[in-house]
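What follows is one structure encoded as structure tokens, with my remarks underneath.
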Amino acid sequence: MSNLANQLVVAEREEVSRGIRTLLARPLLTEKDDPAAFDVVRRRREPLTSWFDYTLGWVLSVEARQGYARLSKVRMYGAEADGSRPARRLRAGRTPFDRRRYVLFCVACAELLSVPVTTVGLLADRVAQALAADDALPGFDTAQRSERMAFVDVLRILESYGAVTTLDGATDSYTESEGAKVLYRVQSDVLTRLLAAPGSPSRIAADAPEGEAKDLRFEELLGELTHERRYGARDGDASAAQHTLWLRHAVLRRLFDDPVLYRDELTHAQLGYVTSLTGRQVMRRAAEQAGFVLEERAEGWLLADPEALATDEKFPDDSSHAKIAALLLLDTLSAAGPGGRAVGHLVAEAEGLLARFPAWGKAYRSQEGAARLVEDAVRVLVRFGLVRMTGDRAVARPLAARYGVVGVDQQPARAAAVPQQQGLHADRQQHDAQQDERDER
């Protein structure tokens, strides 16, 4: 019995760690998309809910009958907005959503909440009426193909979330014809879970003094929406226990949600907590329970996932020109020292790269193509914590040393192999993205 009990404990520990890492990568997990992963989360909901609440202050909701689990990942109040993980169009190019699509997404969600079933035409009409009634928003003209394409992108991502289910017809058909017939069932419970925020917009409006709601600035409303009351009042008035709780969640949210956490990115109070005996113990225990390998260096901390379950985006990765160029430019940046390289120097490097491999990077061979390639590549490096921008100079950060070549003689071989090996696949992706843009025009 003792041996069996030990095996059960080990099995539970392993499943909890897998559930944590899975939810970190996929905060909205549906049974339809991944039955095995959802089953683990469903069976281990109690320890998973406790871990996320204590370690990160995030709420996990598991709806077994509805077939989904939602982890509400929120940033600390006052934290800088992070646009590194945008919603993306479910097309070959995976182009990020623009402002127009975000507006249509929000309005469509609001209109879907009031109906159990609808058609694409009825929903489009309701969205058009809602936008026409708000002077702050542009109208929605379903006669334009580009507008219908944007609306289809919104509906397709809602389908991927499980918020709407297609009963008849195909969503893509609406792009070609305004009269397309598509029938949807609306999953209102999933829709209400899409907004990951500590507060409710309707509650904010109700709490506002009578006659004053229209006069509140957007920043004030947003502050009310993102404020977490467990840490005390918004003016900073908090008890010692609330302040300690805030420090723990502020540090660990960044560590578990970003590739790397640098010491120079923390405030004096946060650094004091994470280097204290209690902070170290909490961090190490949380990493161990989640199945991560915690690496501590003089410059900061890194969580490594041996199974890559928590990885939503990879680097190095040959899936795009930008990531291939980022890896090659990283050698130049790492060799530049603390002063980094000017963007102009990187553009010259990119021009040389495009000249050496004429069959690669066709989407970047127009005017200013090398500059666009550098812009996209540097954006990748910044997103992964490998580079920071100081004015017009890109400076390699300590983590970049992990990707340095072993010897100088290996660099030409590295540069020669990557573009030629993946050029066709990457070119196809860029072509599809350009085709989407032409269709919209």
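Chain labels run A, B, ... following the order of the structure tokens; each chain numbers its residues from 1, and ligands are numbered from 1 in the order shown.
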Surrounding residues of Met149 in chain A excluding itself and chain neighbours under 4 positions, 10 Å, only C-alpha atoms, as a PyMOL selection string: chain A and resi 101+142+144-145+153-155+172-176+436+439-440
Take the residues from that selection and put them in a file with all heavy atoms, as a compact mmCIF listing (two decimals), in the first residue's frame.
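File written: result39.txt
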```txt
# COMPACT_ATOMS: atom_id res chain seq x y z
N ARG A 101 -10.01 45.12 -36.63
CA ARG A 101 -10.45 43.78 -36.24
C ARG A 101 -10.71 43.69 -34.74
O ARG A 101 -11.62 42.97 -34.31
CB ARG A 101 -9.43 42.75 -36.70
CG ARG A 101 -9.52 42.45 -38.20
CD ARG A 101 -8.34 41.67 -38.72
NE ARG A 101 -8.57 41.26 -40.11
CZ ARG A 101 -8.46 42.06 -41.17
NH1 ARG A 101 -8.10 43.33 -40.98
NH2 ARG A 101 -8.68 41.62 -42.39
N THR A 142 -20.97 46.30 -44.93
CA THR A 142 -20.86 44.91 -45.37
C THR A 142 -20.77 44.78 -46.89
O THR A 142 -20.52 43.69 -47.40
CB THR A 142 -22.08 44.11 -44.87
OG1 THR A 142 -23.28 44.71 -45.35
CG2 THR A 142 -22.10 44.07 -43.35
N GLN A 144 -18.50 46.16 -48.65
CA GLN A 144 -17.08 46.16 -48.99
C GLN A 144 -16.46 44.80 -48.65
O GLN A 144 -16.62 44.29 -47.54
CB GLN A 144 -16.36 47.26 -48.24
CG GLN A 144 -16.80 48.66 -48.61
CD GLN A 144 -15.97 49.71 -47.91
OE1 GLN A 144 -14.81 49.45 -47.54
NE2 GLN A 144 -16.53 50.89 -47.72
N ARG A 145 -15.73 44.26 -49.58
CA ARG A 145 -15.11 42.95 -49.38
C ARG A 145 -14.09 42.97 -48.25
O ARG A 145 -13.96 42.02 -47.47
CB ARG A 145 -14.43 42.48 -50.67
CG ARG A 145 -13.91 41.04 -50.61
CD ARG A 145 -13.34 40.62 -51.95
NE ARG A 145 -13.01 39.20 -51.96
CZ ARG A 145 -11.89 38.69 -51.51
NH1 ARG A 145 -10.98 39.50 -50.98
NH2 ARG A 145 -11.67 37.39 -51.56
N ASP A 153 -12.39 37.14 -40.22
CA ASP A 153 -11.25 36.88 -39.33
C ASP A 153 -11.69 36.86 -37.87
O ASP A 153 -11.21 36.04 -37.07
CB ASP A 153 -10.16 37.95 -39.54
CG ASP A 153 -9.44 37.79 -40.86
OD1 ASP A 153 -9.40 36.66 -41.38
OD2 ASP A 153 -8.92 38.80 -41.38
N VAL A 154 -12.59 37.75 -37.51
CA VAL A 154 -13.12 37.80 -36.15
C VAL A 154 -13.92 36.54 -35.83
O VAL A 154 -13.74 35.91 -34.78
CB VAL A 154 -13.99 39.05 -35.95
CG1 VAL A 154 -14.79 38.96 -34.66
CG2 VAL A 154 -13.13 40.31 -35.96
N LEU A 155 -14.79 36.14 -36.75
CA LEU A 155 -15.62 34.96 -36.52
C LEU A 155 -14.78 33.69 -36.45
O LEU A 155 -15.07 32.78 -35.65
CB LEU A 155 -16.67 34.83 -37.63
CG LEU A 155 -17.76 35.90 -37.63
CD1 LEU A 155 -18.64 35.77 -38.86
CD2 LEU A 155 -18.61 35.78 -36.36
N ASP A 172 -15.91 31.25 -44.16
CA ASP A 172 -15.13 31.90 -45.22
C ASP A 172 -16.00 32.33 -46.40
O ASP A 172 -15.62 33.23 -47.15
CB ASP A 172 -14.03 30.96 -45.71
CG ASP A 172 -12.87 30.89 -44.75
OD1 ASP A 172 -12.68 31.85 -43.98
OD2 ASP A 172 -12.14 29.87 -44.74
N SER A 173 -17.16 31.70 -46.58
CA SER A 173 -18.01 32.05 -47.72
C SER A 173 -18.52 33.48 -47.64
O SER A 173 -18.87 34.08 -48.66
CB SER A 173 -19.18 31.07 -47.81
OG SER A 173 -20.02 31.17 -46.67
N TYR A 174 -18.56 34.05 -46.44
CA TYR A 174 -19.05 35.41 -46.29
C TYR A 174 -18.09 36.43 -46.91
O TYR A 174 -18.50 37.52 -47.29
CB TYR A 174 -19.27 35.73 -44.81
CG TYR A 174 -19.94 37.06 -44.55
CD1 TYR A 174 -21.26 37.27 -44.91
CD2 TYR A 174 -19.24 38.10 -43.95
CE1 TYR A 174 -21.88 38.49 -44.69
CE2 TYR A 174 -19.85 39.33 -43.72
CZ TYR A 174 -21.16 39.52 -44.09
OH TYR A 174 -21.76 40.72 -43.87
N THR A 175 -16.83 36.07 -47.04
CA THR A 175 -15.87 36.97 -47.68
C THR A 175 -16.26 37.24 -49.12
O THR A 175 -16.16 38.37 -49.61
CB THR A 175 -14.46 36.37 -47.62
OG1 THR A 175 -14.09 36.16 -46.26
CG2 THR A 175 -13.44 37.30 -48.27
N GLU A 176 -16.71 36.21 -49.81
CA GLU A 176 -17.02 36.34 -51.24
C GLU A 176 -18.43 36.84 -51.49
O GLU A 176 -18.70 37.43 -52.54
CB GLU A 176 -16.83 34.98 -51.92
CG GLU A 176 -15.44 34.40 -51.76
CD GLU A 176 -14.35 35.32 -52.30
OE1 GLU A 176 -14.63 36.07 -53.26
OE2 GLU A 176 -13.24 35.31 -51.74
N ASP A 436 -3.30 38.30 -48.53
CA ASP A 436 -4.36 38.81 -47.64
C ASP A 436 -4.49 40.31 -47.75
O ASP A 436 -5.61 40.86 -47.80
CB ASP A 436 -4.05 38.44 -46.18
CG ASP A 436 -4.23 36.94 -45.93
OD1 ASP A 436 -4.83 36.29 -46.79
OD2 ASP A 436 -3.76 36.47 -44.89
N ASP A 439 -6.16 41.24 -51.01
CA ASP A 439 -7.59 40.95 -50.98
C ASP A 439 -8.35 42.04 -50.26
O ASP A 439 -9.46 42.42 -50.66
CB ASP A 439 -7.84 39.61 -50.29
CG ASP A 439 -7.39 38.43 -51.14
OD1 ASP A 439 -7.23 38.64 -52.36
OD2 ASP A 439 -7.20 37.33 -50.59
N GLU A 440 -7.77 42.56 -49.19
CA GLU A 440 -8.43 43.62 -48.43
C GLU A 440 -8.55 44.89 -49.27
O GLU A 440 -9.56 45.60 -49.20
CB GLU A 440 -7.67 43.90 -47.14
CG GLU A 440 -7.76 42.78 -46.15
CD GLU A 440 -7.05 43.10 -44.86
OE1 GLU A 440 -6.77 44.28 -44.65
OE2 GLU A 440 -6.76 42.19 -44.08
```
When you count only C-alpha atoms, which of these residues is closest to Val103 in chain A: A:Glu375, A:Asp125, A:Glu228, A:Asp134?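 Ranked by minimum distance to Val103 in chain A, first place goes to A:Asp134.
All residues of range 214-438 of chain A that DSSP, run on the backbone, classes as strand (DSSP E) are A:Val260, A:Leu261, A:Tyr262, A:Val293, A:Leu294, A:Glu295, A:Glu296, A:Gly300, A:Trp301, A:Leu302, A:Leu303, A:Ala304, A:Arg341, A:Ala342, A:Val387, A:Arg388, A:Met389, A:Thr390, A:Arg393, A:Ala394, A:Val395, A:Ala396.
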Set the distance at 10 Å and use only C-alpha atoms: which residues neighbour Gln129 in chain A once local chain neighbours fewer than 6 positions away are removed? I'd like the list as a list in words.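 That gives Leu123, Gly139 and Phe140 of chain A.
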Hey, can you spit out that residue selection with all heavy atoms as a CSV table (one decimal), in the first residue's frame?
```
chain,number,residue,atom,x,y,z
A,123,LEU,N,-25.9,38.7,-37.6
A,123,LEU,CA,-24.9,39.3,-36.7
A,123,LEU,C,-24.2,40.5,-37.3
A,123,LEU,O,-23.9,41.5,-36.6
A,123,LEU,CB,-23.8,38.2,-36.4
A,123,LEU,CG,-22.7,38.6,-35.5
A,123,LEU,CD1,-23.2,39.1,-34.1
A,123,LEU,CD2,-21.7,37.4,-35.3
A,139,GLY,N,-18.1,53.3,-39.0
A,139,GLY,CA,-19.2,52.4,-39.4
A,139,GLY,C,-18.7,51.1,-40.0
A,139,GLY,O,-17.5,50.9,-40.2
A,140,PHE,N,-19.6,50.1,-40.2
A,140,PHE,CA,-19.3,48.8,-40.8
A,140,PHE,C,-20.1,48.6,-42.0
A,140,PHE,O,-21.4,48.5,-42.0
A,140,PHE,CB,-19.6,47.8,-39.7
A,140,PHE,CG,-19.4,46.3,-40.2
A,140,PHE,CD1,-18.2,46.0,-40.8
A,140,PHE,CD2,-20.3,45.3,-40.0
A,140,PHE,CE1,-18.0,44.7,-41.2
A,140,PHE,CE2,-20.1,44.0,-40.4
A,140,PHE,CZ,-18.9,43.7,-41.0
```
Which of these residues is nearest to Arg248 in chain A, using only C-alpha atoms: A:Leu333, A:Ala355, A:Leu56, A:Leu137?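 When distances to Arg248 in chain A are compared using only C-alpha atoms, the smallest one comes from A:Leu56.
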